[in-house]
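*Asks:* Supplied structure: structure.pdb, PDB, C-alpha atoms.
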ATOM      1  CA  MET A1056      99.837  88.495 122.807
ATOM      2  CA  GLU A1057     101.709  86.080 125.003
ATOM      3  CA  ILE A1058     104.229  83.693 123.464
ATOM      4  CA  THR A1059     105.536  80.692 125.339
ATOM      5  CA  ILE A1060     108.390  78.522 124.164
ATOM      6  CA  THR A1061     108.940  74.824 124.717
ATOM      7  CA  GLN A1062     111.609  72.473 123.420
ATOM      8  CA  ALA A1063     110.907  69.016 122.084
ATOM      9  CA  ALA A1064     113.162  66.229 120.828
ATOM     10  CA  SER A1065     111.954  64.273 117.860
ATOM     11  CA  PRO A1066     114.992  63.115 117.754
ATOM     12  CA  LYS A1067     115.988  66.520 116.379
ATOM     13  CA  ALA A1068     115.767  69.461 118.764
ATOM     14  CA  VAL A1069     112.550  71.228 117.860
ATOM     15  CA  THR A1070     111.539  74.628 119.204
ATOM     16  CA  VAL A1071     107.801  75.113 119.676
ATOM     17  CA  MET A1072     106.379  78.638 119.807
ATOM     18  CA  HIS A1073     102.931  78.657 121.406
ATOM     19  CA  LEU A1074     101.050  81.806 120.403
ATOM     20  CA  HIS A1075      98.323  82.968 122.777
ATOM     21  CA  GLY A1076      96.107  85.499 121.022
ATOM     22  CA  ASN A1077      95.361  86.940 117.622
ATOM     23  CA  VAL A1078      98.108  87.785 115.154
ATOM     24  CA  ASP A1079      97.285  91.075 113.448
ATOM     25  CA  SER A1080      99.115  94.286 112.573
ATOM     26  CA  THR A1081      99.445  95.154 116.277
ATOM     27  CA  THR A1082     101.070  91.844 117.280
ATOM     28  CA  PHE A1083     102.923  90.440 114.256
ATOM     29  CA  GLU A1084     106.186  92.221 115.064
ATOM     30  CA  GLN A1085     106.244  90.723 118.544
ATOM     31  CA  PHE A1086     105.825  87.268 116.965
ATOM     32  CA  GLN A1087     108.438  87.956 114.284
ATOM     33  CA  ASN A1088     110.947  89.372 116.787
ATOM     34  CA  ALA A1089     110.489  86.472 119.209
ATOM     35  CA  ALA A1090     111.195  84.038 116.370
ATOM     36  CA  ALA A1091     114.244  86.048 115.283
ATOM     37  CA  ASP A1092     115.617  85.855 118.840
ATOM     38  CA  LEU A1093     115.149  82.066 118.923
ATOM     39  CA  ILE A1094     116.832  81.656 115.535
ATOM     40  CA  ALA A1095     119.707  83.883 116.691
ATOM     41  CA  GLN A1096     120.063  81.579 119.701
ATOM     42  CA  GLY A1097     120.362  78.574 117.400
ATOM     43  CA  ALA A1098     116.844  77.321 116.733
ATOM     44  CA  ARG A1099     116.770  75.618 113.336
ATOM     45  CA  ASP A1100     113.561  73.579 113.434
ATOM     46  CA  VAL A1101     110.482  75.433 114.588
ATOM     47  CA  VAL A1102     106.813  74.585 115.128
ATOM     48  CA  ILE A1103     104.275  77.391 115.496
ATOM     49  CA  ASP A1104     101.439  76.226 117.757
ATOM     50  CA  LEU A1105      98.305  78.105 116.653
ATOM     51  CA  ALA A1106      95.835  76.304 118.915
ATOM     52  CA  GLN A1107      95.279  79.494 120.958
ATOM     53  CA  THR A1108      95.176  81.844 117.943
ATOM     54  CA  PRO A1109      91.582  82.307 116.803
ATOM     55  CA  TYR A1110      92.434  84.885 114.148
ATOM     56  CA  MET A1111      95.300  85.885 111.860
ATOM     57  CA  SER A1112      95.326  88.722 109.325
ATOM     58  CA  SER A1113      97.797  89.240 106.470
ATOM     59  CA  ALA A1114     100.192  90.740 109.025
ATOM     60  CA  GLY A1115     100.626  87.263 110.511
ATOM     61  CA  LEU A1116     101.448  85.871 107.089
ATOM     62  CA  ARG A1117     104.035  88.591 106.669
ATOM     63  CA  ALA A1118     105.684  87.391 109.884
ATOM     64  CA  LEU A1119     105.531  83.745 108.759
ATOM     65  CA  ASN A1120     107.131  84.729 105.452
ATOM     66  CA  VAL A1121     110.031  86.428 107.254
ATOM     67  CA  ILE A1122     110.489  83.469 109.633
ATOM     68  CA  TYR A1123     110.353  81.015 106.723
ATOM     69  CA  ASN A1124     113.118  82.961 104.958
ATOM     70  CA  SER A1125     115.253  83.060 108.117
ATOM     71  CA  LEU A1126     115.039  79.266 108.448
ATOM     72  CA  ARG A1127     115.689  78.539 104.781
ATOM     73  CA  ASP A1128     118.107  75.709 104.233
ATOM     74  CA  GLU A1129     121.436  77.107 103.063
ATOM     75  CA  ASN A1130     122.274  73.782 101.462
ATOM     76  CA  ALA A1131     119.114  73.471  99.384
ATOM     77  CA  THR A1132     119.829  74.630  95.875
ATOM     78  CA  ARG A1133     117.540  76.896  93.943
ATOM     79  CA  SER A1134     116.842  74.156  91.392
ATOM     80  CA  ASP A1135     115.889  71.649  94.139
ATOM     81  CA  ILE A1136     113.383  74.077  95.614
ATOM     82  CA  ASN A1137     112.029  75.169  92.234
ATOM     83  CA  ALA A1138     111.591  71.566  91.100
ATOM     84  CA  GLY A1139     109.695  70.798  94.314
ATOM     85  CA  VAL A1140     107.540  73.896  93.939
ATOM     86  CA  VAL A1141     106.632  72.950  90.361
ATOM     87  CA  LYS A1142     105.712  69.427  91.453
ATOM     88  CA  GLY A1143     103.823  70.785  94.439
ATOM     89  CA  THR A1144     105.951  68.743  96.817
ATOM     90  CA  TYR A1145     108.173  71.417  98.348
ATOM     91  CA  LYS A1146     107.462  72.400 101.901
ATOM     92  CA  SER A1147     109.774  74.021 104.398
ATOM     93  CA  PRO A1148     111.710  71.321 106.261
ATOM     94  CA  HIS A1149     112.348  73.764 109.133
ATOM     95  CA  LEU A1150     109.102  75.644 109.783
ATOM     96  CA  LYS A1151     105.834  73.809 110.451
ATOM     97  CA  LEU A1152     102.446  74.892 111.733
ATOM     98  CA  ALA A1153     100.192  73.113 114.204
ATOM     99  CA  ALA A1154      96.489  73.279 115.102
ATOM    100  CA  PRO A1155      95.277  76.312 113.130
ATOM    101  CA  SER A1156      91.642  77.330 113.617
ATOM    102  CA  LYS A1157      89.279  77.116 110.663
ATOM    103  CA  ARG A1158      89.667  80.862 110.107
ATOM    104  CA  VAL A1159      93.455  80.828 110.298
ATOM    105  CA  LEU A1160      93.536  77.874 107.917
ATOM    106  CA  GLU A1161      91.442  79.859 105.476
ATOM    107  CA  THR A1162      93.905  82.776 105.464
ATOM    108  CA  LEU A1163      96.791  80.311 104.996
ATOM    109  CA  LYS A1164      95.048  78.743 102.016
ATOM    110  CA  MET A1165      93.881  82.017 100.498
ATOM    111  CA  SER A1166      97.463  83.280 100.431
ATOM    112  CA  GLY A1167      98.895  79.997  99.130
ATOM    113  CA  PHE A1168     101.084  79.603 102.243
ATOM    114  CA  ASP A1169      99.738  76.053 102.680
ATOM    115  CA  MET A1170     101.752  75.101  99.590
ATOM    116  CA  PHE A1171     105.025  75.871 101.382
ATOM    117  CA  LEU A1172     104.297  75.058 105.017
ATOM    118  CA  GLU A1173     103.244  71.725 106.481
ATOM    119  CA  ILE A1174     100.101  72.094 108.555
ATOM    120  CA  HIS A1175      99.611  69.508 111.283
ATOM    121  CA  PRO A1176      96.518  68.884 113.403
ATOM    122  CA  ASN A1177      98.493  69.149 116.640
ATOM    123  CA  VAL A1178     101.952  69.920 118.041
ATOM    124  CA  ALA A1179     102.843  66.278 118.677
ATOM    125  CA  SER A1180     102.330  65.385 115.029
ATOM    126  CA  ALA A1181     104.265  68.462 113.851
ATOM    127  CA  VAL A1182     107.199  67.665 116.170
ATOM    128  CA  ALA A1183     107.221  63.995 115.137
ATOM    129  CA  SER A1184     107.431  64.982 111.458
ATOM    130  CA  PHE A1185     110.959  66.435 111.749
TER     131      PHE A1185
ATOM    132  CA  MET B 856      56.556  93.237 120.890
ATOM    133  CA  ALA B 857      60.251  93.176 120.169
ATOM    134  CA  LEU B 858      61.503  95.986 118.000
ATOM    135  CA  PRO B 859      63.048  94.898 114.694
ATOM    136  CA  ALA B 860      66.820  94.697 114.729
ATOM    137  CA  PRO B 861      68.433  97.868 113.354
ATOM    138  CA  LEU B 862      69.429  97.508 109.715
ATOM    139  CA  ARG B 863      72.378  99.821 109.952
ATOM    140  CA  ALA B 864      75.047 100.779 112.440
ATOM    141  CA  GLN B 865      77.701 103.459 112.674
ATOM    142  CA  ALA B 866      80.809 103.911 114.793
ATOM    143  CA  THR B 867      83.759 106.272 114.862
ATOM    144  CA  PHE B 868      87.252 105.149 115.822
ATOM    145  CA  VAL B 869      89.888 107.722 116.686
ATOM    146  CA  GLY B 870      93.508 106.800 117.094
ATOM    147  CA  SER B 871      95.756 104.327 115.367
ATOM    148  CA  LEU B 872      96.397 100.583 115.180
ATOM    149  CA  GLU B 873      95.439 100.119 118.838
ATOM    150  CA  GLN B 874      91.847 100.640 117.607
ATOM    151  CA  LEU B 875      92.022  97.568 115.380
ATOM    152  CA  ALA B 876      90.559  95.103 117.894
ATOM    153  CA  ASN B 877      87.697  97.573 118.538
ATOM    154  CA  VAL B 878      87.036  97.872 114.801
ATOM    155  CA  ARG B 879      86.902  94.069 114.497
ATOM    156  CA  ALA B 880      84.618  93.739 117.533
ATOM    157  CA  PHE B 881      82.217  96.348 116.098
ATOM    158  CA  ILE B 882      82.110  94.604 112.711
ATOM    159  CA  GLN B 883      81.647  91.199 114.332
ATOM    160  CA  ARG B 884      78.801  92.408 116.565
ATOM    161  CA  THR B 885      77.071  94.352 113.800
ATOM    162  CA  ALA B 886      77.373  91.615 111.183
ATOM    163  CA  SER B 887      75.904  89.147 113.647
ATOM    164  CA  GLN B 888      72.976  91.493 114.412
ATOM    165  CA  LEU B 889      72.403  91.912 110.674
ATOM    166  CA  GLY B 890      71.938  88.172 110.222
ATOM    167  CA  CYS B 891      75.333  87.133 108.848
ATOM    168  CA  ASP B 892      76.546  83.578 109.316
ATOM    169  CA  GLU B 893      79.974  82.672 110.666
ATOM    170  CA  GLN B 894      81.657  82.706 107.251
ATOM    171  CA  ASP B 895      80.235  86.127 106.348
ATOM    172  CA  ILE B 896      81.232  87.537 109.725
ATOM    173  CA  PHE B 897      84.800  86.306 109.284
ATOM    174  CA  ALA B 898      84.977  87.735 105.756
ATOM    175  CA  LEU B 899      83.749  91.149 106.884
ATOM    176  CA  GLU B 900      86.035  91.168 109.912
ATOM    177  CA  LEU B 901      89.124  90.282 107.881
ATOM    178  CA  ALA B 902      88.370  92.757 105.069
ATOM    179  CA  CYS B 903      87.736  95.593 107.545
ATOM    180  CA  ASP B 904      90.873  94.707 109.541
ATOM    181  CA  GLU B 905      92.998  94.869 106.389
ATOM    182  CA  ALA B 906      91.334  98.104 105.255
ATOM    183  CA  ALA B 907      91.727  99.787 108.649
ATOM    184  CA  THR B 908      95.345  98.604 108.928
ATOM    185  CA  ASN B 909      96.188 100.124 105.551
ATOM    186  CA  ILE B 910      94.493 103.414 106.437
ATOM    187  CA  PHE B 911      96.168 103.663 109.854
ATOM    188  CA  ASN B 912      99.558 102.743 108.389
ATOM    189  CA  TYR B 913      99.565 104.689 105.138
ATOM    190  CA  ALA B 914      96.767 107.252 104.862
ATOM    191  CA  PHE B 915      97.316 109.427 107.886
ATOM    192  CA  THR B 916     100.074 112.003 107.819
ATOM    193  CA  GLU B 917      99.714 112.445 111.578
ATOM    194  CA  GLN B 918     100.178 109.686 114.139
ATOM    195  CA  THR B 919      96.456 109.274 114.559
ATOM    196  CA  GLY B 920      93.277 109.748 112.540
ATOM    197  CA  GLU B 921      89.581 109.044 112.499
ATOM    198  CA  LEU B 922      87.630 106.268 110.809
ATOM    199  CA  ASP B 923      83.887 106.722 110.332
ATOM    200  CA  ILE B 924      82.439 103.274 109.677
ATOM    201  CA  HIS B 925      78.906 102.579 108.472
ATOM    202  CA  VAL B 926      77.508  99.090 108.037
ATOM    203  CA  TRP B 927      74.112  98.234 106.581
ATOM    204  CA  ARG B 928      72.139  95.330 105.305
ATOM    205  CA  GLU B 929      70.672  95.102 101.848
ATOM    206  CA  ALA B 930      68.441  92.241 100.718
ATOM    207  CA  ASP B 931      71.285  89.932  99.750
ATOM    208  CA  ALA B 932      74.391  91.819 100.871
ATOM    209  CA  ILE B 933      76.207  93.692 103.610
ATOM    210  CA  VAL B 934      77.780  97.027 102.741
ATOM    211  CA  VAL B 935      80.552  98.658 104.777
ATOM    212  CA  THR B 936      81.830 102.165 104.150
ATOM    213  CA  ILE B 937      84.909 103.602 105.824
ATOM    214  CA  GLY B 938      85.219 107.376 105.647
ATOM    215  CA  TYR B 939      88.460 109.157 106.526
ATOM    216  CA  TYR B 940      90.636 112.118 105.654
ATOM    217  CA  GLY B 941      94.111 111.203 104.478
ATOM    218  CA  ARG B 942      96.530 110.447 101.716
ATOM    219  CA  ALA B 943      95.148 109.082  98.454
ATOM    220  CA  PHE B 944      96.666 106.217  96.485
ATOM    221  CA  ASP B 945      95.996 104.457  93.213
ATOM    222  CA  PRO B 946      94.698 100.935  93.933
ATOM    223  CA  ALA B 947      95.572  99.957  90.348
ATOM    224  CA  GLN B 948      99.248 100.495  91.218
ATOM    225  CA  ILE B 949      99.180  97.891  94.010
ATOM    226  CA  PRO B 950     100.531  94.711  92.407
ATOM    227  CA  GLU B 951      98.555  91.494  92.671
ATOM    228  CA  PRO B 952     100.514  89.001  94.770
ATOM    229  CA  ASP B 953     102.006  86.053  92.888
ATOM    230  CA  LEU B 954     100.557  83.210  94.954
ATOM    231  CA  ASP B 955     102.483  80.531  93.066
ATOM    232  CA  ALA B 956     105.885  82.095  93.725
ATOM    233  CA  PRO B 957     107.983  80.452  96.436
ATOM    234  CA  LEU B 958     107.735  82.346  99.717
ATOM    235  CA  GLU B 959     111.368  83.368  99.580
ATOM    236  CA  GLN B 960     110.741  85.160  96.303
ATOM    237  CA  ARG B 961     107.717  87.015  97.589
ATOM    238  CA  PRO B 962     107.903  90.437  99.158
ATOM    239  CA  ALA B 963     106.833  90.113 102.799
ATOM    240  CA  GLY B 964     103.453  91.817 103.071
ATOM    241  CA  GLY B 965     101.274  93.175 100.295
ATOM    242  CA  LEU B 966      98.397  90.755 100.917
ATOM    243  CA  GLY B 967      96.006  93.222 102.585
ATOM    244  CA  LEU B 968      94.266  94.555  99.476
ATOM    245  CA  TYR B 969      94.247  91.056  97.991
ATOM    246  CA  PHE B 970      92.410  89.724 101.072
ATOM    247  CA  MET B 971      89.890  92.586 100.867
ATOM    248  CA  ARG B 972      89.156  91.713  97.237
ATOM    249  CA  GLN B 973      88.949  87.998  97.991
ATOM    250  CA  MET B 974      86.500  88.500 100.852
ATOM    251  CA  MET B 975      84.323  91.140  99.211
ATOM    252  CA  ASN B 976      82.393  91.201  95.947
ATOM    253  CA  GLN B 977      83.072  94.917  95.528
ATOM    254  CA  VAL B 978      85.926  97.109  96.818
ATOM    255  CA  GLN B 979      85.781 100.708  95.690
ATOM    256  CA  PHE B 980      87.944 103.664  96.727
ATOM    257  CA  GLU B 981      86.886 107.282  96.295
ATOM    258  CA  PHE B 982      89.345 110.018  97.183
ATOM    259  CA  ASP B 983      88.274 113.571  97.926
ATOM    260  CA  ALA B 984      90.543 115.890  99.887
ATOM    261  CA  VAL B 985      87.648 118.223 100.767
ATOM    262  CA  ARG B 986      84.767 115.859 101.528
ATOM    263  CA  GLY B 987      86.951 113.018 102.686
ATOM    264  CA  ASN B 988      87.875 109.636 101.249
ATOM    265  CA  ARG B 989      85.482 106.747 101.236
ATOM    266  CA  LEU B 990      86.102 103.036 100.877
ATOM    267  CA  THR B 991      82.993 101.025 100.030
ATOM    268  CA  MET B 992      82.994  97.235 100.374
ATOM    269  CA  ARG B 993      80.058  94.991  99.551
ATOM    270  CA  ARG B 994      79.721  91.290 100.247
ATOM    271  CA  ILE B 995      76.956  89.177  98.782
ATOM    272  CA  LEU B 996      75.876  86.972 101.672
ATOM    273  CA  ALA B 997      76.316  83.242 101.599
ATOM    274  CA  THR B 998      72.973  82.760 103.309
ATOM    275  CA  LYS B 999      70.001  84.920 102.411
ATOM    276  CA  ASP B1000      66.767  85.250 104.328
TER     277      ASP B1000
END
Hey, can you dump this file as structure tokens for me?
*Replies:*
Amino acid sequence: MEITITQAASPKAVTVMHLHGNVDSTTFEQFQNAAADLIAQGARDVVIDLAQTPYMSSAGLRALNVIYNSLRDENATRSDINAGVVKGTYKSPHLKLAAPSKRVLETLKMSGFDMFLEIHPNVASAVASF
Amino acid sequence: MALPAPLRAQATFVGSLEQLANVRAFIQRTASQLGCDEQDIFALELACDEAATNIFNYAFTEQTGELDIHVWREADAIVVTIGYYGRAFDPAQIPEPDLDAPLEQRPAGGLGLYFMRQMMNQVQFEFDAVRGNRLTMRRILATKD
């Protein structure tokens, strides 16, 4: 899998990871490690561009879970997040997804990840939402 | 006159996770030949990917192993069996994921068996150290002909 990185300003600095290929148990670590490197270099707001990812297994969700945790807002209190989760309004303010295929969207929904991650139809809309 | 499409297919995959794309391609091709629609093909592909990943990651004591996959069509269903020699486990001991829990409170991973059960109408494990283990998965097809 190839991963390309672009930066956007929305006006916040947003890092966009463009995944090229399927995310399964052979590629999820590459995805997870690339995100960890970006976060270590200071990325705080990240969009994952899935337009070129036809397929994602549970391994990809595992990577998204780890990335989500790494970008968690230190200032958000447990009660804020829990209240939002109960109301169904909490979504990560730092990790957003763009342009998933129908199949990838199905795995996101089946695992309930769509409750915690904003899913945008394209990168421009995801970037503009920060 | 064209011969009728075969109603079953078999393939053997030797190795480890690098075989995963080949397993998916075989399932995709076979399911299509057996008359599955796009949704059924995706379901079979995902369930077999998760099953093969678990076997490659957890069942084999060596670095590599062998999966013997059979796929056949019944009137209203597709059945996949995966035969292999390896470590047994108790599926009842695998916890169901809590899908309402916030992501930060979830253990990363642990969705493979859940996906298999979501995609398939039947998921059955049989463990036999002598004759080999067998995983049987059956999906009732969305479209029947």
*Asks:* Taking all atoms listed in the file into account, find every residue of chain A that has an atom no more than 9 Å from chain B, and write it out as a ChimeraX atom specification.
*Replies:* /A:1079-1081,1110-1114,1116-1121,1123-1124,1127,1136-1137,1140,1158,1162,1165-1168,1170-1171
*Asks:* Produce a file of the selected residues containing C-alpha atoms, as a compact mmCIF listing (two decimals), keeping the file's coordinate frame.
*Replies:*
# COMPACT_ATOMS: atom_id res chain seq x y z
CA ASP A 1079 97.28 91.08 113.45
CA SER A 1080 99.12 94.29 112.57
CA THR A 1081 99.44 95.15 116.28
CA TYR A 1110 92.43 84.88 114.15
CA MET A 1111 95.30 85.88 111.86
CA SER A 1112 95.33 88.72 109.32
CA SER A 1113 97.80 89.24 106.47
CA ALA A 1114 100.19 90.74 109.02
CA LEU A 1116 101.45 85.87 107.09
CA ARG A 1117 104.04 88.59 106.67
CA ALA A 1118 105.68 87.39 109.88
CA LEU A 1119 105.53 83.74 108.76
CA ASN A 1120 107.13 84.73 105.45
CA VAL A 1121 110.03 86.43 107.25
CA TYR A 1123 110.35 81.02 106.72
CA ASN A 1124 113.12 82.96 104.96
CA ARG A 1127 115.69 78.54 104.78
CA ILE A 1136 113.38 74.08 95.61
CA ASN A 1137 112.03 75.17 92.23
CA VAL A 1140 107.54 73.90 93.94
CA ARG A 1158 89.67 80.86 110.11
CA THR A 1162 93.90 82.78 105.46
CA MET A 1165 93.88 82.02 100.50
CA SER A 1166 97.46 83.28 100.43
CA GLY A 1167 98.90 80.00 99.13
CA PHE A 1168 101.08 79.60 102.24
CA MET A 1170 101.75 75.10 99.59
CA PHE A 1171 105.02 75.87 101.38
*Asks:* What is the atom CA of Val878 of chain B to atom CA of Ile896 of chain B distance in Å?
*Replies:* 12.9 Å
*Asks:* Where does the PyMOL selection byres ((chain B and resi 919) around 8) land in this file, that is, which residues does it pick, as an mmCIF file with C-alpha atoms, in the coordinates of the input?
*Replies:*
data_model
loop_
_atom_site.group_PDB
_atom_site.id
_atom_site.type_symbol
_atom_site.label_atom_id
_atom_site.label_comp_id
_atom_site.auth_asym_id
_atom_site.auth_seq_id
_atom_site.Cartn_x
_atom_site.Cartn_y
_atom_site.Cartn_z
ATOM 1 C CA VAL B 869 89.888 107.722 116.686
ATOM 2 C CA GLY B 870 93.508 106.800 117.094
ATOM 3 C CA SER B 871 95.756 104.327 115.367
ATOM 4 C CA PHE B 911 96.168 103.663 109.854
ATOM 5 C CA PHE B 915 97.316 109.427 107.886
ATOM 6 C CA GLU B 917 99.714 112.445 111.578
ATOM 7 C CA GLN B 918 100.178 109.686 114.139
ATOM 8 C CA GLY B 920 93.277 109.748 112.540
ATOM 9 C CA GLU B 921 89.581 109.044 112.499
#
*Asks:* Tell me, in Å to one decimal, how far atom CA of Ala1181 of chain A is from atom CA of Asn1077 of chain A.
*Replies:*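 Straight-line distance from atom CA of Ala1181 of chain A to atom CA of Asn1077 of chain A works out to 20.9 Å.
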*Asks:* Quick one: residues within 10 Å of Ala1095 of chain A, only C-alpha atoms, excluding same-chain residues fewer than 5 positions away - as a VMD selection string?
*Replies:* chain A and resid 1089 to 1090 1125
*Asks:* Would you mind reading off the distance between atom CA of Ala1098 of chain A and atom CA of Lys1157 of chain A, one decimal, in Å?
*Replies:*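 Taking atom CA of Ala1098 of chain A as the start and atom CA of Lys1157 of chain A as the end point, the length is 28.2 Å.
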*Asks:* Once the PyMOL selection byres ((chain A and resi 1064) around 12) has been applied to the shown file, what residues remain in the selection, as a ChimeraX atom specification?
*Replies:* /A:1061-1063,1065-1071,1100-1102,1179,1181-1185
*Asks:* Tell me which residues the PyMOL selection byres ((chain B and resi 945-949) around 9) grabs here, as a PyMOL selection string.
*Replies:* chain B and resi 943-944+950-951+965+968+980
